[in-house]
Structures are given as structure tokens and as C-alpha cells.
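A.B. asks: I'm passing along entry.cif; it holds mmCIF, C-alpha atoms and all ligand atoms.
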data_input
#
loop_
_atom_site.group_PDB
_atom_site.id
_atom_site.type_symbol
_atom_site.label_atom_id
_atom_site.label_comp_id
_atom_site.auth_asym_id
_atom_site.auth_seq_id
_atom_site.Cartn_x
_atom_site.Cartn_y
_atom_site.Cartn_z
ATOM 1 C CA MET A 23 0.000 0.000 0.000
ATOM 2 C CA ASN A 24 1.234 3.480 -0.814
ATOM 3 C CA ARG A 25 1.965 5.510 2.259
ATOM 4 C CA HIS A 26 0.838 9.116 2.050
ATOM 5 C CA PRO A 27 2.133 12.035 4.116
ATOM 6 C CA GLN A 28 1.272 11.848 7.772
ATOM 7 C CA ILE A 29 -1.957 13.503 8.817
ATOM 8 C CA TYR A 30 -1.441 13.425 12.565
ATOM 9 C CA GLU A 31 1.296 12.583 15.039
ATOM 10 C CA GLY A 32 0.305 11.658 18.582
ATOM 11 C CA LYS A 33 2.429 10.624 21.549
ATOM 12 C CA ALA A 34 2.539 6.936 20.658
ATOM 13 C CA LYS A 35 1.348 6.721 17.048
ATOM 14 C CA ILE A 36 1.560 8.438 13.688
ATOM 15 C CA LEU A 37 -1.473 8.353 11.409
ATOM 16 C CA TYR A 38 -1.036 8.314 7.643
ATOM 17 C CA ALA A 39 -3.670 8.712 4.966
ATOM 18 C CA THR A 40 -3.934 5.944 2.365
ATOM 19 C CA ASP A 41 -5.259 5.699 -1.184
ATOM 20 C CA ASN A 42 -8.659 4.977 0.337
ATOM 21 C CA PRO A 43 -10.161 8.001 2.168
ATOM 22 C CA ASP A 44 -12.030 5.670 4.547
ATOM 23 C CA ILE A 45 -8.825 3.947 5.699
ATOM 24 C CA LEU A 46 -5.886 5.267 7.716
ATOM 25 C CA LEU A 47 -2.582 3.624 8.545
ATOM 26 C CA ALA A 48 -1.455 3.821 12.184
ATOM 27 C CA TYR A 49 2.280 3.481 12.809
ATOM 28 C CA PHE A 50 3.064 2.494 16.407
ATOM 29 C CA LYS A 51 6.130 4.294 17.806
ATOM 30 C CA ASP A 52 8.571 3.171 20.497
ATOM 31 C CA ASP A 53 8.172 6.577 22.207
ATOM 32 C CA ALA A 54 6.751 6.534 25.718
ATOM 33 C CA THR A 55 5.310 9.472 27.634
ATOM 34 C CA ALA A 56 3.702 9.800 31.052
ATOM 35 C CA PHE A 57 2.300 12.499 33.338
ATOM 36 C CA ASN A 58 0.859 14.489 30.430
ATOM 37 C CA ALA A 59 4.121 14.108 28.447
ATOM 38 C CA GLN A 60 6.260 15.631 31.212
ATOM 39 C CA LYS A 61 8.171 12.346 31.323
ATOM 40 C CA ARG A 62 9.462 11.073 27.991
ATOM 41 C CA GLY A 63 11.440 8.045 26.929
ATOM 42 C CA LYS A 64 11.680 5.137 24.531
ATOM 43 C CA ILE A 65 10.736 1.532 25.161
ATOM 44 C CA VAL A 66 12.653 -0.551 22.614
ATOM 45 C CA GLY A 67 10.276 -2.684 20.534
ATOM 46 C CA LYS A 68 7.158 -1.141 22.093
ATOM 47 C CA GLY A 69 5.636 -0.093 18.772
ATOM 48 C CA GLU A 70 5.664 -3.627 17.434
ATOM 49 C CA ILE A 71 4.542 -5.186 20.736
ATOM 50 C CA ASN A 72 1.644 -2.763 21.276
ATOM 51 C CA CYS A 73 0.504 -3.045 17.677
ATOM 52 C CA GLN A 74 0.385 -6.843 17.938
ATOM 53 C CA ILE A 75 -1.331 -6.828 21.343
ATOM 54 C CA ALA A 76 -3.893 -4.237 20.208
ATOM 55 C CA ALA A 77 -4.580 -6.161 16.975
ATOM 56 C CA HIS A 78 -5.209 -9.387 18.894
ATOM 57 C CA LEU A 79 -7.472 -7.680 21.440
ATOM 58 C CA PHE A 80 -9.423 -5.798 18.748
ATOM 59 C CA ARG A 81 -10.026 -9.093 16.902
ATOM 60 C CA SER A 82 -11.288 -10.740 20.104
ATOM 61 C CA ILE A 83 -13.557 -7.813 20.917
ATOM 62 C CA GLU A 84 -14.851 -7.658 17.340
ATOM 63 C CA ALA A 85 -15.528 -11.435 17.450
ATOM 64 C CA GLN A 86 -17.799 -10.783 20.414
ATOM 65 C CA GLY A 87 -19.923 -8.286 18.535
ATOM 66 C CA ILE A 88 -18.361 -4.910 19.345
ATOM 67 C CA ALA A 89 -17.383 -2.838 16.306
ATOM 68 C CA THR A 90 -13.805 -1.534 16.272
ATOM 69 C CA HIS A 91 -11.761 0.543 13.840
ATOM 70 C CA TYR A 92 -9.308 -2.348 13.307
ATOM 71 C CA ILE A 93 -8.862 -3.755 9.788
ATOM 72 C CA ASP A 94 -5.510 -5.589 9.675
ATOM 73 C CA CYS A 95 -1.750 -5.223 10.164
ATOM 74 C CA PRO A 96 0.269 -4.841 6.931
ATOM 75 C CA ALA A 97 3.474 -4.802 9.045
ATOM 76 C CA VAL A 98 4.298 -5.724 12.642
ATOM 77 C CA ASN A 99 4.125 -2.105 13.822
ATOM 78 C CA GLU A 100 1.459 -0.863 11.397
ATOM 79 C CA MET A 101 -2.305 -1.174 11.629
ATOM 80 C CA ARG A 102 -4.853 -0.310 8.988
ATOM 81 C CA VAL A 103 -7.869 1.264 10.649
ATOM 82 C CA LYS A 104 -11.207 2.693 9.580
ATOM 83 C CA SER A 105 -11.159 6.466 9.502
ATOM 84 C CA VAL A 106 -13.213 7.887 12.390
ATOM 85 C CA GLN A 107 -13.738 11.191 14.158
ATOM 86 C CA ILE A 108 -12.320 10.524 17.622
ATOM 87 C CA LEU A 109 -14.601 11.669 20.454
ATOM 88 C CA PRO A 110 -12.524 13.870 22.815
ATOM 89 C CA ILE A 111 -13.330 11.617 25.765
ATOM 90 C CA GLU A 112 -11.054 9.091 27.477
ATOM 91 C CA VAL A 113 -13.227 6.318 28.875
ATOM 92 C CA VAL A 114 -11.609 4.594 31.849
ATOM 93 C CA VAL A 115 -12.946 1.351 33.327
ATOM 94 C CA ARG A 116 -11.643 0.140 36.674
ATOM 95 C CA ASN A 117 -11.957 -3.206 38.436
ATOM 96 C CA ILE A 118 -9.364 -2.561 41.131
ATOM 97 C CA ALA A 119 -8.367 0.777 42.683
ATOM 98 C CA ALA A 120 -5.092 2.239 41.382
ATOM 99 C CA GLY A 121 -3.634 5.476 40.012
ATOM 100 C CA SER A 122 -5.763 8.602 40.069
ATOM 101 C CA LEU A 123 -8.689 6.799 41.741
ATOM 102 C CA CYS A 124 -6.523 6.161 44.816
ATOM 103 C CA GLN A 125 -5.059 9.662 44.732
ATOM 104 C CA GLN A 126 -8.452 11.350 44.468
ATOM 105 C CA THR A 127 -10.563 9.155 46.775
ATOM 106 C CA GLY A 128 -8.098 7.763 49.306
ATOM 107 C CA LEU A 129 -9.090 4.185 48.411
ATOM 108 C CA ALA A 130 -6.144 1.864 49.086
ATOM 109 C CA LEU A 131 -4.204 0.565 46.066
ATOM 110 C CA GLY A 132 -5.526 -2.889 45.197
ATOM 111 C CA THR A 133 -9.023 -2.445 46.647
ATOM 112 C CA ILE A 134 -11.337 -4.683 44.614
ATOM 113 C CA LEU A 135 -14.284 -2.560 43.460
ATOM 114 C CA PRO A 136 -17.751 -4.032 44.121
ATOM 115 C CA GLN A 137 -18.606 -3.400 40.466
ATOM 116 C CA PRO A 138 -16.647 -1.977 37.519
ATOM 117 C CA LEU A 139 -16.369 1.808 37.629
ATOM 118 C CA VAL A 140 -16.725 3.734 34.353
ATOM 119 C CA GLU A 141 -15.245 7.244 34.257
ATOM 120 C CA PHE A 142 -15.014 9.893 31.560
ATOM 121 C CA PHE A 143 -12.033 12.224 31.199
ATOM 122 C CA TYR A 144 -11.750 15.199 28.856
ATOM 123 C CA LYS A 145 -9.079 14.375 26.235
ATOM 124 C CA ASN A 146 -7.336 17.734 26.395
ATOM 125 C CA ASP A 147 -3.616 17.885 27.193
ATOM 126 C CA SER A 148 -3.565 21.629 27.882
ATOM 127 C CA LEU A 149 -6.207 21.135 30.608
ATOM 128 C CA GLY A 150 -4.440 18.006 31.910
ATOM 129 C CA ASP A 151 -7.183 15.526 30.848
ATOM 130 C CA PRO A 152 -9.584 16.392 33.725
ATOM 131 C CA LEU A 153 -12.199 14.007 35.139
ATOM 132 C CA LEU A 154 -15.629 14.967 33.796
ATOM 133 C CA THR A 155 -19.033 14.694 35.364
ATOM 134 C CA ARG A 156 -21.857 13.548 33.106
ATOM 135 C CA ASP A 157 -23.380 17.025 33.262
ATOM 136 C CA ARG A 158 -20.105 18.750 32.361
ATOM 137 C CA LEU A 159 -19.702 16.365 29.445
ATOM 138 C CA LEU A 160 -23.171 17.235 28.158
ATOM 139 C CA LEU A 161 -22.677 20.958 28.894
ATOM 140 C CA MET A 162 -19.554 20.948 26.731
ATOM 141 C CA GLU A 163 -21.380 18.926 24.050
ATOM 142 C CA LEU A 164 -18.545 16.383 23.930
ATOM 143 C CA ALA A 165 -21.166 13.711 23.221
ATOM 144 C CA THR A 166 -24.944 13.421 23.047
ATOM 145 C CA VAL A 167 -26.998 11.707 25.781
ATOM 146 C CA GLU A 168 -27.497 8.782 23.396
ATOM 147 C CA GLN A 169 -23.763 8.532 22.617
ATOM 148 C CA LEU A 170 -22.982 8.653 26.327
ATOM 149 C CA GLU A 171 -25.283 5.693 26.986
ATOM 150 C CA ILE A 172 -23.594 3.765 24.158
ATOM 151 C CA LEU A 173 -20.095 4.574 25.456
ATOM 152 C CA HIS A 174 -21.024 3.490 28.977
ATOM 153 C CA SER A 175 -22.578 0.223 27.894
ATOM 154 C CA LYS A 176 -19.837 -0.625 25.354
ATOM 155 C CA ALA A 177 -17.163 0.171 27.963
ATOM 156 C CA LEU A 178 -18.690 -2.344 30.382
ATOM 157 C CA GLN A 179 -19.003 -5.012 27.673
ATOM 158 C CA ILE A 180 -15.399 -4.448 26.587
ATOM 159 C CA ASN A 181 -14.291 -4.670 30.220
ATOM 160 C CA SER A 182 -15.969 -8.008 30.629
ATOM 161 C CA ILE A 183 -14.418 -9.357 27.390
ATOM 162 C CA LEU A 184 -10.942 -8.091 28.330
ATOM 163 C CA GLU A 185 -11.177 -9.217 31.958
ATOM 164 C CA ASN A 186 -11.981 -12.768 30.826
ATOM 165 C CA PHE A 187 -9.313 -12.651 28.140
ATOM 166 C CA PHE A 188 -6.547 -11.489 30.483
ATOM 167 C CA GLN A 189 -7.644 -13.995 33.118
ATOM 168 C CA LEU A 190 -6.863 -16.726 30.543
ATOM 169 C CA CYS A 191 -3.423 -15.103 30.165
ATOM 170 C CA GLY A 192 -2.773 -15.265 33.921
ATOM 171 C CA ILE A 193 -3.119 -11.502 34.169
ATOM 172 C CA THR A 194 -5.470 -9.340 36.249
ATOM 173 C CA LEU A 195 -6.996 -6.409 34.368
ATOM 174 C CA VAL A 196 -6.875 -3.643 36.990
ATOM 175 C CA ASP A 197 -8.072 -0.755 34.803
ATOM 176 C CA PHE A 198 -7.786 0.576 31.264
ATOM 177 C CA LYS A 199 -8.479 3.578 29.052
ATOM 178 C CA ILE A 200 -10.253 3.375 25.714
ATOM 179 C CA GLU A 201 -11.295 5.871 23.071
ATOM 180 C CA PHE A 202 -14.147 5.782 20.625
ATOM 181 C CA GLY A 203 -14.669 7.334 17.206
ATOM 182 C CA VAL A 204 -17.622 8.023 14.955
ATOM 183 C CA ASP A 205 -17.451 6.716 11.371
ATOM 184 C CA LYS A 206 -19.080 8.150 8.251
ATOM 185 C CA HIS A 207 -22.235 6.127 8.984
ATOM 186 C CA GLU A 208 -22.448 7.767 12.457
ATOM 187 C CA GLN A 209 -21.568 4.404 14.023
ATOM 188 C CA ILE A 210 -19.517 4.443 17.221
ATOM 189 C CA LEU A 211 -16.389 2.288 16.877
ATOM 190 C CA LEU A 212 -13.836 1.343 19.497
ATOM 191 C CA ALA A 213 -10.662 3.101 18.297
ATOM 192 C CA ASP A 214 -7.124 4.091 19.332
ATOM 193 C CA GLU A 215 -5.334 1.125 20.994
ATOM 194 C CA ILE A 216 -5.533 -1.284 23.906
ATOM 195 C CA SER A 217 -2.066 -2.178 25.157
ATOM 196 C CA PRO A 218 0.153 -2.139 28.256
ATOM 197 C CA ASP A 219 0.411 1.632 27.623
ATOM 198 C CA SER A 220 -3.302 2.053 28.295
ATOM 199 C CA CYS A 221 -4.081 -0.749 30.781
ATOM 200 C CA ARG A 222 -2.913 -1.683 34.267
ATOM 201 C CA LEU A 223 -2.030 -5.369 34.138
ATOM 202 C CA TRP A 224 -0.885 -7.375 37.155
ATOM 203 C CA LEU A 225 0.622 -10.858 36.981
ATOM 204 C CA ILE A 226 -1.679 -13.279 38.804
ATOM 205 C CA GLY A 227 0.045 -15.091 41.673
ATOM 206 C CA GLU A 228 2.853 -12.537 42.057
ATOM 207 C CA PRO A 229 2.502 -11.003 45.534
ATOM 208 C CA ASP A 230 5.276 -8.408 45.146
ATOM 209 C CA PRO A 231 3.500 -5.130 44.230
ATOM 210 C CA ASN A 232 6.387 -4.046 41.995
ATOM 211 C CA LEU A 233 7.197 -7.370 40.336
ATOM 212 C CA ARG A 234 3.537 -7.996 39.393
ATOM 213 C CA VAL A 235 3.336 -4.817 37.249
ATOM 214 C CA LEU A 236 3.348 -5.608 33.489
ATOM 215 C CA ASP A 237 2.289 -2.209 32.148
ATOM 216 C CA LYS A 238 3.318 1.421 31.713
ATOM 217 C CA ASP A 239 3.509 1.914 35.487
ATOM 218 C CA ARG A 240 6.987 0.305 35.116
ATOM 219 C CA PHE A 241 7.925 3.367 33.041
ATOM 220 C CA ARG A 242 5.963 5.883 35.148
ATOM 221 C CA ARG A 243 7.517 4.613 38.390
ATOM 222 C CA ASP A 244 10.988 3.670 37.045
ATOM 223 C CA LEU A 245 10.558 0.016 38.008
ATOM 224 C CA GLY A 246 12.900 -1.249 35.240
ATOM 225 C CA ASN A 247 12.530 -4.285 32.904
ATOM 226 C CA ILE A 248 9.850 -2.489 30.881
ATOM 227 C CA GLU A 249 10.611 -4.255 27.584
ATOM 228 C CA ASP A 250 10.509 -7.657 29.321
ATOM 229 C CA ALA A 251 7.140 -6.882 30.881
ATOM 230 C CA TYR A 252 5.589 -5.742 27.580
ATOM 231 C CA GLN A 253 7.082 -8.770 25.821
ATOM 232 C CA GLN A 254 5.609 -11.037 28.473
ATOM 233 C CA VAL A 255 2.144 -9.534 27.941
ATOM 234 C CA LEU A 256 2.469 -10.102 24.176
ATOM 235 C CA ALA A 257 3.580 -13.733 24.624
ATOM 236 C CA ARG A 258 0.683 -14.407 26.989
ATOM 237 C CA VAL A 259 -1.859 -12.674 24.715
ATOM 238 C CA LEU A 260 -0.651 -14.613 21.659
ATOM 239 C CA GLY A 261 -0.948 -17.818 23.687
ATOM 240 C CA VAL A 262 -4.734 -17.432 23.836
ATOM 241 C CA LYS A 263 -6.476 -19.082 20.860
ATOM 242 C CA GLU A 264 -8.466 -16.666 18.679
HETATM 243 N N1 LIG B 1 -4.580 6.006 30.986
HETATM 244 C C1 LIG B 1 -4.137 6.160 29.681
HETATM 245 N N2 LIG B 1 -3.911 7.420 29.199
HETATM 246 C C2 LIG B 1 -4.113 8.525 29.953
HETATM 247 C C3 LIG B 1 -4.551 8.373 31.289
HETATM 248 C C4 LIG B 1 -4.776 7.104 31.773
HETATM 249 O O1 LIG B 1 -3.973 5.188 28.957
HETATM 250 O O2 LIG B 1 -3.905 9.645 29.454
HETATM 251 C C5 LIG B 1 -4.834 4.657 31.503
HETATM 252 C C6 LIG B 1 -3.817 4.244 32.560
HETATM 253 O O3 LIG B 1 -2.739 3.551 31.970
HETATM 254 C C7 LIG B 1 -4.628 3.339 33.449
HETATM 255 C C8 LIG B 1 -6.050 3.903 33.340
HETATM 256 O O4 LIG B 1 -6.078 4.667 32.153
HETATM 257 O O5 LIG B 1 -4.636 2.024 32.941
HETATM 258 C C9 LIG B 1 -6.460 4.756 34.521
HETATM 259 O O6 LIG B 1 -5.512 5.771 34.691
HETATM 260 P P1 LIG B 1 -5.607 6.791 35.933
HETATM 261 O O7 LIG B 1 -6.833 7.619 35.821
HETATM 262 O O8 LIG B 1 -5.409 6.030 37.179
HETATM 263 O O9 LIG B 1 -4.438 7.790 35.644
HETATM 264 P P2 LIG B 1 -2.895 7.750 36.007
HETATM 265 O O10 LIG B 1 -2.805 7.889 37.484
HETATM 266 O O11 LIG B 1 -2.393 6.459 35.489
HETATM 267 O O12 LIG B 1 -2.382 8.902 35.230
#
Show me the file's structure as C-alpha cells.
C.D. replies:
Amino acid sequence: MNRHPQIYEGKAKILYATDNPDILLAYFKDDATAFNAQKRGKIVGKGEINCQIAAHLFRSIEAQGIATHYIDCPAVNEMRVKSVQILPIEVVVRNIAAGSLCQQTGLALGTILPQPLVEFFYKNDSLGDPLLTRDRLLLMELATVEQLEILHSKALQINSILENFFQLCGITLVDFKIEFGVDKHEQILLADEISPDSCRLWLIGEPDPNLRVLDKDRFRRDLGNIEDAYQQVLARVLGVKE
């Protein structure tokens, strides 16, 4: 496929146009950022690993009836995706308390939540991606009431698919962030990526709170062995039959 000039460069991916206006090519970079890009680095091989993990997870989610933007991977670190208008909302689903939930509520790290918690954040780096209330979200017209219902229900379905999937991998899905886009038919598709950059993943059976971490918290908290952890997630994900 001919690669056209890039149309957008984000923190972890570059998007290129293709010959087909309905299809974009996402190139997954090795660059890593955290804390609203105040911390920057490179995780060797991350682009390829995240692309392969995301592709596998998108296929599993799609197989269970949830539409995604995923088409295929023409190269190990490239994904062809359907062109969508990304909604400026980061949807976070949590099963276990960690990260900003602990910081903002005082809940202890590792508290198992009685039911999955769905949260919406405003995707806006200059404002620091703030937590939104439903009313603020509607006030700012970031989504319609109907879209909000769809996002909430899809997020819970995706959580249940991913939780089961990672359980088969010997991994606990603590929390994750997803993004959605609207296609030319006004359909809402799961978009962006699902990878150790956007999930908290803990190795089941590992009691050490640092050793169990298989996700970007290794980078955020300078825990070391980041490449090994990402590679381990990929190996475990590929071990699950599609
Ligand atoms: N997350 C993400 N991108 C963001 C913010 C959060 O992928 O810009 C993911 C993060 O990796 C975790 C989940 O969303 O799996 C919840 O993150 P949290 O709100 O706890 O924020 P953090 O404290 O990690 O910044």
C-alpha cells in the first residue's frame, strides 16, 4: 500500500492517509510518555509489541460483537484502521483501585471494586485531561446523551471481554483507558489502541506489588525491565487461541 504524508502525530502513534479516504494507517512508535508528556522516553520494541497486542485484542472484541476501527496489520508495527472522528473523551474502566482513583478518593491501592467503575475524562492535554461529570460532558457537548449511553454500555461489555481474556493469560486487568470514534455512517467504533500503555495489568500469583506490574507503570515509576514486561504480555496474549 502506498503511504501518504502523515496527517497526525500523537504521543505513541503516527497516522497516515492511504489511497482509500475511509482507511488510515497507524504506525506504532517506540516513544513513551507519562504524566501528560512531562516524562518522555523510549521503550525498545514497544511499537511492534503494542501493535500486535492491540490487533489481537481488537479481533477478540470484534468477534464478540463490538465494532472496532481495526482492519488488519500490513506490518508488525502498522495497523490499517477505519477512519473515524475521535470523540474527545477518554473512557476509563476500573476493576481494582489504582492510580488517580486512589489519589483522588483515598481508596487503598488494590481495593477490589464491588462493580466496575466507568469514568469519563476530557481528552485535552492543555487542561491536563480532567475528570468529567456527566453534566459537564453534556454541557460541553462532547457527546450526546445517546452517545454517552452507548459509550457506557460498550465500555462495560469491553471490560468483561478483556477481563476474561486477560484472566486466561494469567493476568489481572486492573483498569484501562479506551477511546471511541464516529465513522461516516455515524456508528460508534472502538478506536485508538488497547495495550500495556493504556491498561494496568498485574501478573496473577505474584505477591510483590512491583514485580507484578506488566504495564506502563513500570515506566511511570521507574521500576525497570519495561521491555521484558511488555514482551511477556504479548507472549501471553498470543498464547490465547483466537
Ligand atoms: N490512561 C491512559 N492514558 C491517559 C490516562 C490514563 O492510557 O492519558 C490509563 C492508565 O494507563 C490506566 C487507566 O487509564 O490504565 C487509569 O488511569 P488513571 O486515571 O489512574 O491515571 P494515572 O494515574 O495512570 O495517570
A.B. asks: Quick one: which residues end up in the PyMOL selection byres (((chain A and resi 235) around 9) and not hetatm) for this structure, as a PDB file with C-alpha atoms, in the frame of the given file?
C.D. replies:
ATOM      1  CA  ARG A 222      -2.913  -1.683  34.267  1.00  0.00           C
ATOM      2  CA  LEU A 223      -2.030  -5.369  34.138  1.00  0.00           C
ATOM      3  CA  TRP A 224      -0.885  -7.375  37.155  1.00  0.00           C
ATOM      4  CA  LEU A 225       0.622 -10.858  36.981  1.00  0.00           C
ATOM      5  CA  ASP A 230       5.276  -8.408  45.146  1.00  0.00           C
ATOM      6  CA  PRO A 231       3.500  -5.130  44.230  1.00  0.00           C
ATOM      7  CA  ASN A 232       6.387  -4.046  41.995  1.00  0.00           C
ATOM      8  CA  LEU A 233       7.197  -7.370  40.336  1.00  0.00           C
ATOM      9  CA  ARG A 234       3.537  -7.996  39.393  1.00  0.00           C
ATOM     10  CA  LEU A 236       3.348  -5.608  33.489  1.00  0.00           C
ATOM     11  CA  ASP A 237       2.289  -2.209  32.148  1.00  0.00           C
ATOM     12  CA  LYS A 238       3.318   1.421  31.713  1.00  0.00           C
ATOM     13  CA  ASP A 239       3.509   1.914  35.487  1.00  0.00           C
ATOM     14  CA  ARG A 240       6.987   0.305  35.116  1.00  0.00           C
ATOM     15  CA  LEU A 245      10.558   0.016  38.008  1.00  0.00           C
ATOM     16  CA  ALA A 251       7.140  -6.882  30.881  1.00  0.00           C
TER      17      ALA A 251
END
A.B. asks: Please identify all polymer residues within 10 Å of A:Val262, counting all atoms listed in the file, omitting same-chain residues fewer than 6 positions from it, and present them as a list in words.
C.D. replies: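 Once the nearby chain positions are removed, what remains is His78, Phe187, Phe188, Leu190 and Cys191 of chain A.
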A.B. asks: By how many Å are atom CA of A:Leu195 and atom CA of A:Asn146 apart?
C.D. replies: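 Separation between atom CA of A:Leu195 and atom CA of A:Asn146: 25.4 Å.
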A.B. asks: Determine the residue membership of the PyMOL selection byres (((chain A and resi 103-108) around 7) and not hetatm) for the file above and supply it as a compact mmCIF listing (two decimals) with C-alpha atoms, in the frame of the given file.
C.D. replies:
# COMPACT_ATOMS: atom_id res chain seq x y z
CA ASP A 44 -12.03 5.67 4.55
CA ILE A 45 -8.82 3.95 5.70
CA LEU A 46 -5.89 5.27 7.72
CA LEU A 47 -2.58 3.62 8.54
CA HIS A 91 -11.76 0.54 13.84
CA TYR A 92 -9.31 -2.35 13.31
CA ILE A 93 -8.86 -3.76 9.79
CA MET A 101 -2.31 -1.17 11.63
CA ARG A 102 -4.85 -0.31 8.99
CA LEU A 109 -14.60 11.67 20.45
CA PRO A 110 -12.52 13.87 22.82
CA PHE A 202 -14.15 5.78 20.62
CA GLY A 203 -14.67 7.33 17.21
CA VAL A 204 -17.62 8.02 14.96
CA ASP A 205 -17.45 6.72 11.37
A.B. asks: Please build the interface table for chain A against ligand LIG 1 (chain B) with a cut-off of 6 Å, listing for each qualifying residue the nearest atom pair and the distance in Å to one decimal; count all atoms listed in the file, order rows by chain and increasing number, and write it as JSON lines.
C.D. replies:
{"residue": "A:Val114", "atom": "CA", "partner": "B:LIG1", "partner_atom": "O4", "distance": 5.5}
{"residue": "A:Ala120", "atom": "CA", "partner": "B:LIG1", "partner_atom": "O8", "distance": 5.7}
{"residue": "A:Gly121", "atom": "CA", "partner": "B:LIG1", "partner_atom": "O8", "distance": 3.4}
{"residue": "A:Ser122", "atom": "CA", "partner": "B:LIG1", "partner_atom": "O8", "distance": 3.9}
{"residue": "A:Leu123", "atom": "CA", "partner": "B:LIG1", "partner_atom": "O8", "distance": 5.7}
{"residue": "A:Asp197", "atom": "CA", "partner": "B:LIG1", "partner_atom": "O5", "distance": 4.8}
{"residue": "A:Phe198", "atom": "CA", "partner": "B:LIG1", "partner_atom": "O5", "distance": 3.9}
{"residue": "A:Lys199", "atom": "CA", "partner": "B:LIG1", "partner_atom": "O4", "distance": 4.1}
{"residue": "A:Asp219", "atom": "CA", "partner": "B:LIG1", "partner_atom": "O3", "distance": 5.7}
{"residue": "A:Ser220", "atom": "CA", "partner": "B:LIG1", "partner_atom": "O1", "distance": 3.3}
{"residue": "A:Cys221", "atom": "CA", "partner": "B:LIG1", "partner_atom": "O5", "distance": 3.6}
{"residue": "A:Arg222", "atom": "CA", "partner": "B:LIG1", "partner_atom": "O5", "distance": 4.3}
A.B. asks: Can you list what the PyMOL selection byres (((chain A and resi 141) around 7) and not hetatm) grabs from this structure, as a PDB file with C-alpha atoms, in the frame of the given file?
C.D. replies:
ATOM      1  CA  VAL A 113     -13.227   6.318  28.875  1.00  0.00           C
ATOM      2  CA  VAL A 114     -11.609   4.594  31.849  1.00  0.00           C
ATOM      3  CA  VAL A 115     -12.946   1.351  33.327  1.00  0.00           C
ATOM      4  CA  LEU A 139     -16.369   1.808  37.629  1.00  0.00           C
ATOM      5  CA  VAL A 140     -16.725   3.734  34.353  1.00  0.00           C
ATOM      6  CA  PHE A 142     -15.014   9.893  31.560  1.00  0.00           C
ATOM      7  CA  PHE A 143     -12.033  12.224  31.199  1.00  0.00           C
TER       8      PHE A 143
END
A.B. asks: Go ahead and find all residues with at least one atom no further than 12 Å from (-7.4, -17.1, 26.9) in the file's coordinates, using only C-alpha atoms; report them as an MDAnalysis selection string.
C.D. replies: chainID A and resid 78:79 82 183:193 257:264
A.B. asks: Which residue is closest to A:Leu178? Choose from A:Ile88, A:Leu256, A:Met162, A:Leu129 and count all atoms listed in the file.
C.D. replies: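 Looking only at the distances to A:Leu178, the closest residue turns out to be A:Ile88.
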A.B. asks: Can you tell me, as a VMD selection string, what residues are no more than 10 Å from A:Pro138 when counting all atoms listed in the file, ignoring any on the same chain fewer than 6 positions away?
C.D. replies: chain A and resid 115 to 118 177 to 178 181 to 182 196 to 197
A.B. asks: Tell me which of A:Gln28, A:Tyr144, A:Tyr252, A:Ala77 sits closest to A:Ala165, counting all atoms listed in the file.
C.D. replies: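 Of the candidates, the smallest distance to A:Ala165 is held by A:Tyr144.
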A.B. asks: Just how far from atom CA of A:Gly150 is atom CA of A:Lys64, in Å to one decimal?
C.D. replies: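 A separation of 21.9 Å between them.
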A.B. asks: For atom CA of A:Ile111 and atom CA of A:Asp52, determine how far apart the two atoms are, in Å to one decimal place.
C.D. replies: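 For atom CA of A:Ile111 relative to atom CA of A:Asp52, the distance reads 24.1 Å.
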A.B. asks: Using all atoms listed in the file, which of A:Glu201, A:Tyr38, A:Leu154, A:Val98 sits nearest A:Gly67?
C.D. replies: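 Under the stated criterion, the closest residue is A:Val98.
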A.B. asks: Which residues, protein or nucleic acid, reach to within 6 Å of (-17.4, 0.1, 18.8) in the file's coordinates when using all atoms listed in the file, and can you give that as a PDB file with C-alpha atoms, keeping the file's coordinate frame?
C.D. replies:
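After the write, selection.pdb holds the following:
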ATOM      1  CA  ILE A  88     -18.361  -4.910  19.345  1.00  0.00           C
ATOM      2  CA  ALA A  89     -17.383  -2.838  16.306  1.00  0.00           C
ATOM      3  CA  THR A  90     -13.805  -1.534  16.272  1.00  0.00           C
ATOM      4  CA  ILE A 210     -19.517   4.443  17.221  1.00  0.00           C
ATOM      5  CA  LEU A 211     -16.389   2.288  16.877  1.00  0.00           C
ATOM      6  CA  LEU A 212     -13.836   1.343  19.497  1.00  0.00           C
TER       7      LEU A 212
END
A.B. asks: Please determine, counting all atoms listed in the file, which residue among A:Gln137, A:Gln60, A:Asn247, A:Asn99 has the shortest atom-to-atom distance to A:Ile75.
C.D. replies: A:Asn99
A.B. asks: Let me make sure I understand: among A:Glu70, A:Gln125, A:Ala59, A:His26, which one has the smallest atom-to-atom distance to A:Pro43 if we use all atoms listed in the file?
C.D. replies: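 Checking each candidate against A:Pro43, we get A:His26 as the closest.
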A.B. asks: Between A:Thr194, A:Gly69, A:Ile248, A:Leu135, which has the minimum distance to A:Ile226 (counting all atoms listed in the file)?
C.D. replies: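 Nearest to A:Ile226: A:Thr194.
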A.B. asks: What are the centre and the three edge lengths of an axis-aligned box that wraps all atoms of stretch 213-221 of chain A in the file, given that 5 Å is added to every side, written as lines of an AutoDock Vina configuration file and rounded to one decimal in Å?
C.D. replies:
center_x = -5.1
center_y = 1.0
center_z = 24.5
size_x = 21.1
size_y = 16.3
size_z = 22.5
